[in-house]
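Take a look at the structure below.
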Amino acid sequence: MSAQDSSTSDDNFDLSTKLLGGAILGLGTGLAGLFFGLKSDDKSPFLGWLLGSAFWLSVAIGMLMLIMIFRVFNSEWTPIVRRQLEHGMAAFPWLALCFAPLVAIAVFGGENSGILWSWVNPETSTIEVTKEIKVEEDVLHQKKASYLNLWFFVVRMIVYFGIFCGLGHWMRKVSFSQDRDGDPKWTHLGMKLSAAGIPAAALALTFGAFDMFMSLEYQWFSTMYGVWFFAGSIRAALAVTIICCLYLSTSGSLKGLYKQAHQYDLACLSLAFTVFWAYISFSQYFLIYSANIPEETFWYTIREIDPNTGERSGWFWVSMGLIFGHFFFPFLYLLFYRNKIVGPRLLFIVCWILVFHLLDLYWNIIPGREIVPGLIVGFEARPVLGSHLLWGLASLVGVGCLCVWSVLRSFQSADADDIPVRDPRILESLHHHE
Amino acid sequence: MTKVMDIKYGLSATFNSAKDLFEAAGKVREEGFTNWECYTPMPVHGLDGQMGLPRSKVPCFTLAGGITGFCTGMLIVWYMNAFDYPLIVGGKPYFSPIYPFPVFYELTILFSAFGTLFGMFFLNGLPRHNHPVMEHPKFGKCGDDKYFIVIEVEDPKFDDDETQEFLKGVGGKSIIMIREPID
């Protein structure tokens, strides 16, 4: 090993240690928050933990979907990009671990088990229009109780993460095994697994989004919620993929391999899913706005106005920020050819998209109704700024460090080449041009 | 009977492989010719770059079409629902960017598509029924296994003898002056 190699591995060792340190610090803070929240009946640490975990889960889910989509289309340009995504799959078991505390508190939390998802414990208080009642008295829960109950929920969570971890493991295995023996059977197996895996993962992510995020306000429902989560996940995954490829092509294993044409195609996908995200998000709003049914509209109302005063709340500006910052700006920016092929320009917009994806999750997860007896409507909408923001940042850093650490470890120690050298499509991928 | 007249269209040179054509195209570009074209039996990747062609202007037409469509949609809804005959539908405002959004959106797509299609036709000078290069006696060969470069007489750098010598110099075979008949 040359001196340079050893110094690189030392750097990586340092980086791994730092990441693990960050993970322990972030998750430790978050866990302390959960403990504190459980004692004092404060929901915000739980929302923060869910937010941080959801962000990284969405990136991993998006990567999984991209791998499988690349596989079923048997696309010629993707193999060198796909390898980076396959390393990303190493994060799934750790993400499952990150969601475990939330499920554990739902199961073992006793009288506070409904602190995050109120329907978990039918004794929890909730709001019926303006009146405080128990969840079990709410007809909107009674009708949904066969689905929204603790044990079915636990089983579903296990199934979701089983599907994600299992598909992630197999996507890695078929690709890494082919590096060793060059057998084309792995390509065929990968395609078959992906063809079956896309609907499985789509169902898992859809119902996962229902269970984890939509059921925070169980009275509300939107059939487009799963597709919204999918669209956001793919956008986030493409952004992380582009960052990863740009980094590896300037100073790592993709130097000279990752070309303008690959970047152009990834950026075009990014543009396409920007439009798709807007289409889905707007359609959801549009249908609820047109139908104008109170049990649906309250969800948007608390994201626009203070229900007690009728004046615009801080969430109104977050909503506007999403429309203009998460759609119009990236859309118009990515329309221009040079913004897609010039590295720093594309890097800017994908970082922008990641920040706004986090804001989108924040906007979906955080606002909610907190019971305050005596007010006109009997509740208060949770404000934009509050302790949930700090808990969210802590778990974002904690879960993020853990995920990046696991992916970095996969890059270093997995028995795989820098690119899938024996993939039947590898030459076409290397010679890809616009 | 009138005598059939003709005018010179351009000098054509034949090449036997994509590689020869590709190299020759680079030299033609370096020589500074502007009114010239390559004819190949199949797409040759990178030839547009080698010829020094700029990126297509079609996206500008698409964008213009899209913006026109969006504004047209807004105007239709505003004029009919809020100005000419104000009407309350489903308790919604006379005009709002939300409830008629499908109209804006569909018109944006429709007009973008029109912009793209007609912009492409316009930029390519289509439709046209004939082209002078079809007067080349062996033109059919460039649908088979031959590659042509044609430098038009319109080109400011064109000169009968010098251009002929130049095409020979870059490896062109059977150099022919294409003549366009007129009557």
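Lettering and numbering for the structure tokens are positional, with chains as A, B, ... in the shown order, residues counted from 1 in each chain, and ligands counted from 1 in the shown order.
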Exercise. When DSSP works through the backbone of this structure, what residues of range 340-381 of chain A end up as alpha helix (DSSP H), shown as a list in words?
Worked result: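 Selection result, alpha helix (DSSP H) within range 340-381 of chain A: Lys340, Ile341, Gly343, Pro344, Arg345, Leu346, Leu347, Phe348, Ile349, Val350, Cys351, Trp352, Ile353, Leu354, Val355, Phe356, His357, Leu358, Leu359, Asp360, Leu361, Tyr362, Trp363, Asn364 and Ile365 of chain A.
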For this session: Could you give me, as a list in words, the residues within 7 Å of range 101-109 of chain B, counting only C-alpha atoms and dropping anything in the same chain fewer than 5 positions from it?
Result: Gly66, Ile67, Gly69, Phe70, Gly73 and Met74 of chain B
For this session: Pick out the chain A residues within 8 Å of chain B. Count only C-alpha atoms. Give them as an NGL selection string.
Result: :A and (286 or 290 or 433)
Exercise. Any idea what's packed within 8 Å of Leu21 in chain B, counting only C-alpha atoms, ignoring anything in its chain fewer than 5 positions away? Could you give it as a list in words?
Worked result: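 Once the adjacent positions are removed, what remains is Phe15, Asn16, Tyr147, Phe148 and Ile149 of chain B.
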Exercise. Mind pulling up the distance from CA of Leu203 in chain A to CA of Ala54 in chain A?
Worked result: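 These atoms are spaced 16.8 Å apart.
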For this session: Pull the strand (DSSP E or B) assignments for range 107-161 of chain B out of DSSP run on the backbone, and list those residues as number ranges by chain.
Result: B: 147-152
For this session: Pick out the residues sitting within 12 Å of Tyr94 in chain B, and hand them over as a list in words; count only C-alpha atoms, and ignore anything fewer than 3 positions along from it in its own chain.
Result: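 Counting only the stated atoms, we get Val77, Trp78, Tyr79, Met80, Asn81, Ala82, Phe83, Asp84, Tyr85, Pro86, Leu87, Ile88, Val89, Gly90, Gly91, Pro97, Ile98, Tyr99 and Pro100 of chain B.
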